[in-house]
$ cat data09.cif   # mmCIF, C-alpha atoms
data_entry
#
loop_
_atom_site.label_atom_id
_atom_site.label_comp_id
_atom_site.auth_asym_id
_atom_site.auth_seq_id
_atom_site.Cartn_x
_atom_site.Cartn_y
_atom_site.Cartn_z
CA MET K 1491 75.62 108.35 111.00
CA SER K 1492 78.33 107.45 113.43
CA GLY K 1493 81.74 106.18 112.49
CA GLY K 1494 80.95 102.76 113.98
CA GLN K 1495 77.78 102.44 111.95
CA LYS K 1496 79.61 103.39 108.77
CA ARG K 1497 82.26 100.71 109.01
CA ARG K 1498 80.37 97.97 107.25
CA ILE K 1499 82.68 96.34 104.68
CA SER K 1500 85.82 94.28 105.09
CA ALA K 1501 89.28 94.94 103.66
CA PRO K 1502 88.94 92.15 101.03
CA GLN K 1503 85.62 93.61 99.86
CA LEU K 1504 87.09 97.10 99.49
CA MET K 1505 90.11 95.59 97.75
CA THR K 1506 87.75 93.88 95.29
CA LEU K 1507 85.99 97.17 94.48
CA PHE K 1508 89.37 98.75 93.75
CA LEU K 1509 90.33 95.83 91.53
CA LEU K 1510 87.07 95.91 89.57
CA ALA K 1511 87.67 99.57 88.77
CA ARG K 1512 91.18 98.75 87.55
CA ILE K 1513 89.97 95.74 85.54
CA MET K 1514 87.35 97.95 83.90
CA HIS K 1515 90.08 100.34 82.87
CA ALA K 1516 92.08 97.43 81.42
CA MET K 1517 89.01 96.25 79.50
CA ILE K 1518 88.55 99.53 77.65
CA PHE K 1519 92.28 100.09 77.13
CA ARG K 1520 93.09 100.27 73.41
CA GLU K 1521 96.54 99.58 71.97
CA SER K 1522 97.11 99.98 68.25
CA GLY K 1523 100.90 100.16 68.30
CA PHE K 1524 101.88 97.20 70.46
CA ARG K 1525 105.50 96.20 69.80
CA SER K 1526 106.74 94.64 73.02
CA GLY K 1527 105.30 93.75 76.41
CA THR K 1528 108.59 94.46 78.22
CA PRO K 1529 108.19 98.27 78.60
CA MET K 1530 104.57 97.75 79.58
CA MET K 1531 105.49 95.23 82.28
CA LEU K 1532 108.33 97.40 83.62
CA ALA K 1533 106.03 100.43 83.64
CA LEU K 1534 103.45 98.42 85.62
CA ILE K 1535 106.05 97.42 88.23
CA CYS K 1536 107.36 100.99 88.58
CA SER K 1537 103.91 102.58 88.74
CA THR K 1538 102.77 100.08 91.37
CA ALA K 1539 105.82 100.95 93.49
CA VAL K 1540 104.96 104.65 93.18
CA GLU K 1541 101.33 103.94 94.12
CA ALA K 1542 102.53 102.14 97.24
CA VAL K 1543 104.27 105.36 98.31
CA LEU K 1544 101.34 107.61 97.36
CA ALA K 1545 99.03 105.43 99.47
CA ILE K 1546 101.00 105.93 102.70
CA PRO K 1547 99.12 109.07 103.90
CA ALA K 1548 95.68 107.49 103.42
CA VAL K 1549 96.78 104.21 105.00
CA MET K 1550 98.22 106.02 108.02
CA TYR K 1551 95.16 108.24 108.36
CA PHE K 1552 92.69 105.36 108.47
CA SER K 1553 95.05 103.26 110.61
CA CYS K 1554 95.08 106.08 113.18
CA GLY K 1555 91.31 105.96 113.51
CA GLY K 1556 90.41 108.57 110.88
CA SER K 1557 87.17 108.18 108.99
CA ASP K 1558 86.64 111.23 106.76
CA PRO K 1559 89.60 113.31 105.51
CA ALA K 1560 87.31 116.05 104.19
CA ALA K 1561 85.52 116.48 107.53
CA GLU K 1562 88.86 116.25 109.35
CA LEU K 1563 90.10 119.25 107.42
CA PHE K 1564 87.02 121.47 107.14
CA GLY K 1565 84.33 120.11 109.45
CA ARG K 1566 80.92 121.23 108.26
CA GLY K 1567 82.57 123.27 105.54
CA ALA K 1568 83.81 120.11 103.81
CA VAL K 1569 81.06 120.37 101.20
CA TRP K 1570 83.41 121.98 98.67
CA LEU K 1571 86.03 119.28 99.03
CA ARG K 1572 83.36 116.59 98.76
CA ALA K 1573 82.12 118.36 95.64
CA ALA K 1574 85.61 117.99 94.16
CA TYR K 1575 85.50 114.24 94.76
CA SER K 1576 82.00 114.18 93.27
CA LEU K 1577 83.09 116.03 90.13
CA TYR K 1578 86.12 113.81 89.72
CA PHE K 1579 84.20 110.54 89.90
CA THR K 1580 81.33 111.86 87.80
CA VAL K 1581 83.82 112.48 84.99
CA ILE K 1582 85.50 109.09 85.56
CA CYS K 1583 82.10 107.39 85.51
CA GLY K 1584 80.94 109.18 82.38
CA ALA K 1585 84.20 108.55 80.53
CA THR K 1586 84.23 104.86 81.52
CA VAL K 1587 80.67 104.31 80.29
CA ALA K 1588 81.36 106.27 77.09
CA LEU K 1589 84.50 104.29 76.27
CA PHE K 1590 82.77 101.02 77.04
CA THR K 1591 79.91 102.09 74.77
CA GLY K 1592 82.49 102.72 72.06
CA PHE K 1593 83.83 99.21 72.62
CA LEU K 1594 80.33 97.72 72.26
CA GLU K 1595 79.75 99.69 69.07
CA SER K 1596 83.09 98.51 67.66
CA GLU K 1597 82.95 94.83 68.59
CA PHE K 1598 79.21 94.10 68.91
CA PRO K 1599 77.55 96.50 66.43
CA ASP K 1600 74.43 94.35 65.99
CA ILE K 1601 73.62 93.92 69.68
CA THR K 1602 72.13 97.31 70.57
CA ARG K 1603 72.25 100.99 69.72
CA PRO K 1604 75.16 102.78 71.44
CA LEU K 1605 73.08 105.46 73.16
CA THR K 1606 70.57 102.87 74.33
CA ALA K 1607 73.39 100.78 75.79
CA MET K 1608 74.80 103.86 77.51
CA ALA K 1609 71.43 104.71 79.07
CA LEU K 1610 70.79 101.14 80.23
CA ILE K 1611 74.25 100.83 81.82
CA LEU K 1612 73.81 104.09 83.73
CA LEU K 1613 70.31 103.08 84.83
CA ALA K 1614 71.61 99.74 86.11
CA ALA K 1615 74.51 101.53 87.85
CA TYR K 1616 72.07 103.96 89.47
CA ILE K 1617 70.00 101.06 90.79
CA SER K 1618 73.06 99.16 92.04
CA ALA K 1619 74.33 102.26 93.88
CA GLY K 1620 71.01 102.29 95.75
CA GLY K 1621 72.02 99.07 97.48
CA GLY K 1622 74.59 100.98 99.52
CA ILE K 1623 78.20 100.11 100.06
CA GLU K 1624 77.40 96.63 101.40
CA GLY K 1625 75.36 95.73 98.34
CA LEU K 1626 78.02 97.09 96.01
CA ALA K 1627 80.71 95.10 97.84
CA ARG K 1628 78.76 91.83 97.68
CA ALA K 1629 77.89 92.30 94.01
CA GLY K 1630 81.48 93.28 93.27
CA THR K 1631 82.78 90.03 94.70
CA VAL K 1632 80.51 88.03 92.39
CA VAL K 1633 81.52 90.11 89.36
CA PHE K 1634 85.20 89.65 90.16
CA TRP K 1635 84.91 85.86 90.18
CA LEU K 1636 82.92 85.94 86.94
CA PHE K 1637 85.75 87.88 85.35
CA ALA K 1638 88.39 85.57 86.82
CA VAL K 1639 86.70 82.47 85.37
CA LEU K 1640 86.18 84.11 81.97
CA PHE K 1641 89.75 85.40 81.84
CA ALA K 1642 91.18 82.00 82.73
CA ALA K 1643 88.98 80.27 80.13
CA MET K 1644 89.99 82.65 77.33
CA ALA K 1645 93.68 82.35 78.15
CA TRP K 1646 93.58 78.54 78.44
CA VAL K 1647 92.03 77.79 75.06
CA ASN K 1648 93.83 80.45 73.05
CA GLU K 1649 95.22 79.13 69.78
CA GLY K 1650 98.40 81.18 69.85
CA GLY K 1651 100.44 79.01 72.19
CA PHE K 1652 103.18 80.39 74.43
CA ASP K 1653 106.22 81.74 72.62
CA TRP K 1654 108.85 83.00 75.05
CA LEU K 1655 110.77 84.51 72.14
CA ASN K 1656 108.14 87.25 72.20
CA VAL K 1657 109.63 88.50 75.48
CA THR K 1658 112.33 90.84 74.20
CA PRO K 1659 114.79 92.94 76.24
CA MET K 1660 114.08 96.61 76.90
CA THR K 1661 115.83 98.86 74.37
CA ARG K 1662 116.33 102.59 74.07
CA GLY K 1663 113.63 102.64 71.43
CA ASP K 1664 111.16 101.28 73.99
CA LEU K 1665 111.66 104.26 76.33
CA PRO K 1666 108.81 106.40 74.88
CA ASP K 1667 106.44 103.43 75.28
CA PHE K 1668 107.63 102.92 78.86
CA VAL K 1669 106.99 106.58 79.72
CA ARG K 1670 103.56 106.48 78.06
CA TYR K 1671 102.50 103.28 79.84
CA PHE K 1672 103.83 104.57 83.17
CA ALA K 1673 101.94 107.88 82.88
CA GLU K 1674 98.74 106.07 81.88
CA ASP K 1675 98.97 103.59 84.75
CA ILE K 1676 99.72 106.23 87.40
CA SER K 1677 96.88 108.43 86.16
CA SER K 1678 94.51 105.45 86.35
CA SER K 1679 95.21 105.03 90.08
CA TRP K 1680 91.91 106.61 91.10
CA TRP K 1681 91.55 103.86 93.69
CA LEU K 1682 93.45 106.32 95.94
CA PRO K 1683 90.65 108.97 95.91
CA MET K 1684 88.19 106.06 96.18
CA PHE K 1685 90.05 104.92 99.29
CA CYS K 1686 89.74 108.39 100.84
CA VAL K 1687 85.94 108.23 100.48
CA LEU K 1688 85.18 104.54 100.99
CA GLY K 1689 87.65 104.18 103.86
CA ALA K 1690 84.91 105.63 106.05
CA TYR K 1691 82.96 102.40 105.55
CA LEU K 1692 85.86 100.06 106.26
CA ARG K 1693 85.66 98.03 109.46
CA ASN K 1694 89.43 97.67 109.77
CA GLY K 1695 92.54 96.80 107.78
CA GLY K 1696 93.24 99.94 105.75
CA ALA K 1697 96.80 98.81 105.01
CA ARG K 1698 95.56 95.36 104.07
CA ALA K 1699 93.01 96.81 101.64
CA ALA K 1700 95.48 99.18 99.98
CA TYR K 1701 98.53 96.96 99.70
CA GLY K 1702 96.51 93.82 99.12
CA TYR K 1703 94.93 95.58 96.16
CA LEU K 1704 98.32 96.62 94.79
CA ALA K 1705 99.57 93.04 95.02
CA LEU K 1706 96.47 91.71 93.24
CA LYS K 1707 96.66 94.46 90.64
CA LEU K 1708 100.28 93.61 89.90
CA ILE K 1709 99.41 89.91 89.54
CA THR K 1710 96.23 90.40 87.49
CA VAL K 1711 97.40 93.11 85.10
CA GLY K 1712 100.89 91.61 84.93
CA THR K 1713 99.41 88.24 83.94
CA LEU K 1714 97.35 89.93 81.24
CA ILE K 1715 100.42 91.70 79.82
CA LEU K 1716 102.41 88.46 79.92
CA LEU K 1717 99.65 86.49 78.16
CA VAL K 1718 99.25 89.17 75.51
CA THR K 1719 103.01 89.13 74.93
CA LEU K 1720 103.44 85.34 74.90
CA VAL K 1721 100.27 84.40 73.04
CA LEU K 1722 99.25 87.30 70.85
CA TRP K 1723 102.09 89.77 70.52
CA ARG K 1724 101.40 91.82 67.35
CA TYR K 1725 97.97 90.23 66.88
CA VAL K 1726 96.75 92.74 69.47
CA ASP K 1727 96.82 95.41 66.78
CA VAL K 1728 94.13 93.57 64.83
CA LEU K 1729 91.48 94.15 67.51
CA GLY K 1730 93.03 96.85 69.67
CA TYR K 1731 91.56 95.53 72.95
CA PRO K 1732 94.08 93.14 74.62
CA ILE K 1733 91.61 91.28 76.87
CA PHE K 1734 89.08 90.86 74.06
CA ALA K 1735 91.87 89.68 71.76
CA LEU K 1736 92.53 86.72 74.06
CA GLY K 1737 89.01 85.47 73.46
CA ALA K 1738 88.97 86.29 69.77
CA TYR K 1739 91.92 83.98 69.06
CA ALA K 1740 90.44 80.99 70.83
CA ARG K 1741 90.97 77.56 69.25
CA ASN K 1742 87.83 76.00 70.71
CA ASP K 1743 84.56 76.28 68.79
CA PHE K 1744 82.60 76.86 71.98
CA ILE K 1745 84.81 79.73 73.07
CA GLN K 1746 84.61 81.26 69.60
CA ARG K 1747 80.88 81.56 70.27
CA PHE K 1748 81.64 83.07 73.66
CA ASP K 1749 80.80 86.62 72.56
CA ALA K 1750 77.50 86.78 74.46
CA ILE K 1751 79.07 85.60 77.72
CA ASN K 1752 82.07 87.83 77.14
CA MET K 1753 79.88 90.88 76.61
CA PHE K 1754 77.73 90.00 79.63
CA VAL K 1755 80.70 89.82 82.02
CA TRP K 1756 82.20 93.03 80.67
CA THR K 1757 78.84 94.81 80.97
CA VAL K 1758 78.17 93.76 84.57
CA ASN K 1759 81.70 94.84 85.45
CA CYS K 1760 81.03 98.24 83.90
CA VAL K 1761 77.76 98.48 85.84
CA ALA K 1762 79.52 97.52 89.09
CA ALA K 1763 82.31 100.08 88.62
CA ALA K 1764 79.91 102.84 87.53
CA GLY K 1765 77.67 102.04 90.50
CA VAL K 1766 80.56 102.64 92.89
CA TYR K 1767 81.44 105.91 91.14
CA ILE K 1768 77.83 107.14 91.39
CA PHE K 1769 77.69 106.11 95.06
CA ILE K 1770 80.85 108.13 95.77
CA SER K 1771 79.63 111.15 93.78
CA ALA K 1772 76.27 111.20 95.56
CA ARG K 1773 77.94 111.58 98.96
CA ALA K 1774 78.63 115.24 98.15
CA LEU K 1775 74.91 116.03 98.19
CA PRO K 1776 72.65 116.25 101.26
CA GLU K 1777 71.08 112.93 102.22
CA LYS K 1778 67.54 114.25 101.69
CA THR K 1779 68.16 115.04 98.03
CA SER K 1780 68.02 112.55 95.17
CA GLY K 1781 71.81 112.50 95.00
CA ARG K 1782 72.10 109.26 93.07
CA ALA K 1783 69.68 110.38 90.39
CA VAL K 1784 71.40 113.75 90.00
CA MET K 1785 74.85 112.17 89.73
CA ALA K 1786 73.67 109.44 87.36
CA LEU K 1787 72.24 112.12 85.07
CA ALA K 1788 75.43 114.17 85.35
CA ALA K 1789 77.48 111.09 84.48
CA GLY K 1790 75.17 110.53 81.51
CA VAL K 1791 75.80 114.04 80.21
CA CYS K 1792 79.54 113.55 80.64
CA ALA K 1793 79.36 110.16 78.90
CA LEU K 1794 77.52 111.68 75.96
CA ILE K 1795 80.09 114.47 75.62
CA VAL K 1796 83.02 112.04 75.75
CA TYR K 1797 81.35 109.65 73.32
CA ARG K 1798 80.43 112.34 70.79
CA SER K 1799 83.86 113.99 70.96
CA GLY K 1800 85.72 110.69 70.56
CA LEU K 1801 88.02 111.33 73.52
CA GLU K 1802 90.15 108.53 74.98
CA PHE K 1803 91.56 108.09 78.49
CA ASP K 1804 95.10 108.56 77.12
CA ASN K 1805 94.20 112.00 75.77
CA ALA K 1806 96.59 114.61 77.20
CA GLY K 1807 93.80 116.55 78.90
CA PHE K 1808 92.36 113.42 80.47
CA LEU K 1809 95.80 112.33 81.65
CA VAL K 1810 96.34 115.64 83.45
CA PHE K 1811 92.83 115.57 84.96
CA LYS K 1812 93.16 111.99 86.18
CA ALA K 1813 96.68 112.44 87.55
CA ALA K 1814 95.77 115.68 89.33
CA GLY K 1815 92.84 113.94 91.00
CA VAL K 1816 95.01 111.02 92.09
CA LEU K 1817 97.69 113.27 93.56
CA LEU K 1818 95.48 115.94 95.16
CA LEU K 1819 92.43 113.95 96.25
CA GLY K 1820 94.23 110.66 96.87
CA THR K 1821 97.46 111.79 98.55
CA VAL K 1822 97.55 115.49 99.46
CA VAL K 1823 94.12 115.54 101.13
CA PRO K 1824 94.71 112.50 103.40
CA LEU K 1825 98.21 113.80 104.20
CA ALA K 1826 96.78 117.14 105.32
CA ALA K 1827 94.04 115.34 107.27
CA LEU K 1828 96.64 113.15 108.97
CA ILE K 1829 98.65 116.21 110.02
CA VAL K 1830 95.53 117.93 111.39
CA LYS K 1831 94.50 114.78 113.26
CA LYS K 1832 97.93 114.33 114.82
CA ARG K 1833 98.07 117.98 115.91
CA SER K 1834 94.57 117.77 117.35
CA GLU K 1835 95.43 114.66 119.36
CA ARG K 1836 98.63 116.27 120.62
CA CYS K 1837 96.68 119.32 121.78
CA LYS K 1838 94.17 117.11 123.62
CA GLY K 1839 97.01 115.43 125.44
CA ILE K 1840 98.36 118.70 126.85
#
$ encode --input "data09.cif" --output "structure tokens"
Amino acid sequence: MSGGQKRRISAPQLMTLFLLARIMHAMIFRESGFRSGTPMMLALICSTAVEAVLAIPAVMYFSCGGSDPAAELFGRGAVWLRAAYSLYFTVICGATVALFTGFLESEFPDITRPLTAMALILLAAYISAGGGIEGLARAGTVVFWLFAVLFAAMAWVNEGGFDWLNVTPMTRGDLPDFVRYFAEDISSSWWLPMFCVLGAYLRNGGARAAYGYLALKLITVGTLILLVTLVLWRYVDVLGYPIFALGAYARNDFIQRFDAINMFVWTVNCVAAAGVYIFISARALPEKTSGRAVMALAAGVCALIVYRSGLEFDNAGFLVFKAAGVLLLGTVVPLAALIVKKRSERCKGI
């Protein structure tokens, strides 16, 4: 498939896929010791600034006409590097589905059996990945607007009101929370490795996709943190899930019966994100093989292991794994590919 044929999605569509992955992470984020939103907000601002720097190699690579960092570095021998991307996103997919299954079991215990929910989500993600990058991008846009409407509705009718006294100054005692939130947010920046793979399908506007996403992420997640701080504050500890807490403390009878709609939007978002992860993972396998099926099954095994072991994304091992993937696959690889591309072009000009 030629580079021209691959470039089939726009910058806003790619930006939306990045944002859905980040929203999914926010959905399954648990917080049982929430004391102040100030260190969380400052950590978000600082981590977003760091992400902007980490994204420079990938942005420059795709802006210079690059399409595949792995092939740029190793040519036909890029299979091992692609396998690293595949392994990374298989684990991310499995962990995401497992943690979302844990959320369903905790908040909607009477809806379905956890393992059944896990299997159905992965099956739906496998099917959605079969639609290709264009289908995933179109579906992702719809899911994003569903989330936006639901989020706005939950925030608008919340019974807590807005208490600006909940916004407290940063203190020395908040420093451990700041460091923890910063590390968690940086390690969740797997949109950078996603960019290195999905950039091959981008028509144009690599910088627009990357930095547009960071701006939207800062607005979306920052708004969530602000609402949680102003409206809920310590009530977050009651439920543990900040986004779900916004709906749980609604003052409107209709919204209090919003659980089915809430669960539906969260589930389709999980399916959309997992579908993208499976699509990325399957690229490591030859086109003639059933790559999607293999990677969906592998993600299922990973999900089962994570679910049974009770691991969380903020586990020390997970933090190291996620951060290493972000740094190596999202920054070091495109930087090396950019250097190789520049040297190659310089040699051609001699």
$ resolve_selection --input "data09.cif" --expression "the PyMOL selection byres ((chain K and resi 1528-1537) around 9)" --output "ChimeraX atom specification"
/K:1526-1527,1538-1542,1657-1661,1664-1673,1675-1676,1708,1711-1712,1715-1716,1719
$ atom_distance --input "data09.cif" --atom1 "CA of Gly1625 in chain K" --atom2 "CA of Arg1512 in chain K"
19.4 Å
$ closest_residue --input "data09.cif" --among "K:Ala1788, K:Ile1499, K:Leu1507, K:Ala1642" --to "Tyr1578 in chain K" --atoms "only C-alpha atoms"
K:Ala1788
$ residues_around --input "data09.cif" --residues "Val1633 in chain K" --least-positions-apart "6" --cutoff "12 Å" --atoms "all atoms listed in the file" --output "NGL selection string"
:K and (1503 or 1506-1507 or 1509-1511 or 1513-1514 or 1626-1627 or 1639-1640 or 1754-1763)
$ closest_residue --input "data09.cif" --among "K:Gly1702, K:Gly1620, K:Gly1800, K:Pro1683" --to "Gly1781 in chain K" --atoms "only C-alpha atoms"
K:Gly1620
$ closest_residue --input "data09.cif" --among "K:Met1684, K:Ala1615, K:Val1543, K:Leu1720" --to "Leu1819 in chain K" --atoms "all atoms listed in the file"
K:Met1684
$ resolve_selection --input "data09.cif" --expression "the PyMOL selection byres ((chain K and resi 1784) around 12)" --output "mmCIF file with C-alpha atoms, in the coordinates of the input"
data_model
loop_
_atom_site.group_PDB
_atom_site.id
_atom_site.type_symbol
_atom_site.label_atom_id
_atom_site.label_comp_id
_atom_site.auth_asym_id
_atom_site.auth_seq_id
_atom_site.Cartn_x
_atom_site.Cartn_y
_atom_site.Cartn_z
ATOM 1 C CA SER K 1576 82.000 114.180 93.270
ATOM 2 C CA LEU K 1577 83.090 116.030 90.130
ATOM 3 C CA THR K 1580 81.330 111.860 87.800
ATOM 4 C CA LEU K 1612 73.810 104.090 83.730
ATOM 5 C CA LEU K 1613 70.310 103.080 84.830
ATOM 6 C CA TYR K 1616 72.070 103.960 89.470
ATOM 7 C CA ILE K 1768 77.830 107.140 91.390
ATOM 8 C CA PHE K 1769 77.690 106.110 95.060
ATOM 9 C CA SER K 1771 79.630 111.150 93.780
ATOM 10 C CA ALA K 1772 76.270 111.200 95.560
ATOM 11 C CA ARG K 1773 77.940 111.580 98.960
ATOM 12 C CA ALA K 1774 78.630 115.240 98.150
ATOM 13 C CA LEU K 1775 74.910 116.030 98.190
ATOM 14 C CA PRO K 1776 72.650 116.250 101.260
ATOM 15 C CA THR K 1779 68.160 115.040 98.030
ATOM 16 C CA SER K 1780 68.020 112.550 95.170
ATOM 17 C CA GLY K 1781 71.810 112.500 95.000
ATOM 18 C CA ARG K 1782 72.100 109.260 93.070
ATOM 19 C CA ALA K 1783 69.680 110.380 90.390
ATOM 20 C CA MET K 1785 74.850 112.170 89.730
ATOM 21 C CA ALA K 1786 73.670 109.440 87.360
ATOM 22 C CA LEU K 1787 72.240 112.120 85.070
ATOM 23 C CA ALA K 1788 75.430 114.170 85.350
ATOM 24 C CA ALA K 1789 77.480 111.090 84.480
ATOM 25 C CA GLY K 1790 75.170 110.530 81.510
ATOM 26 C CA VAL K 1791 75.800 114.040 80.210
#
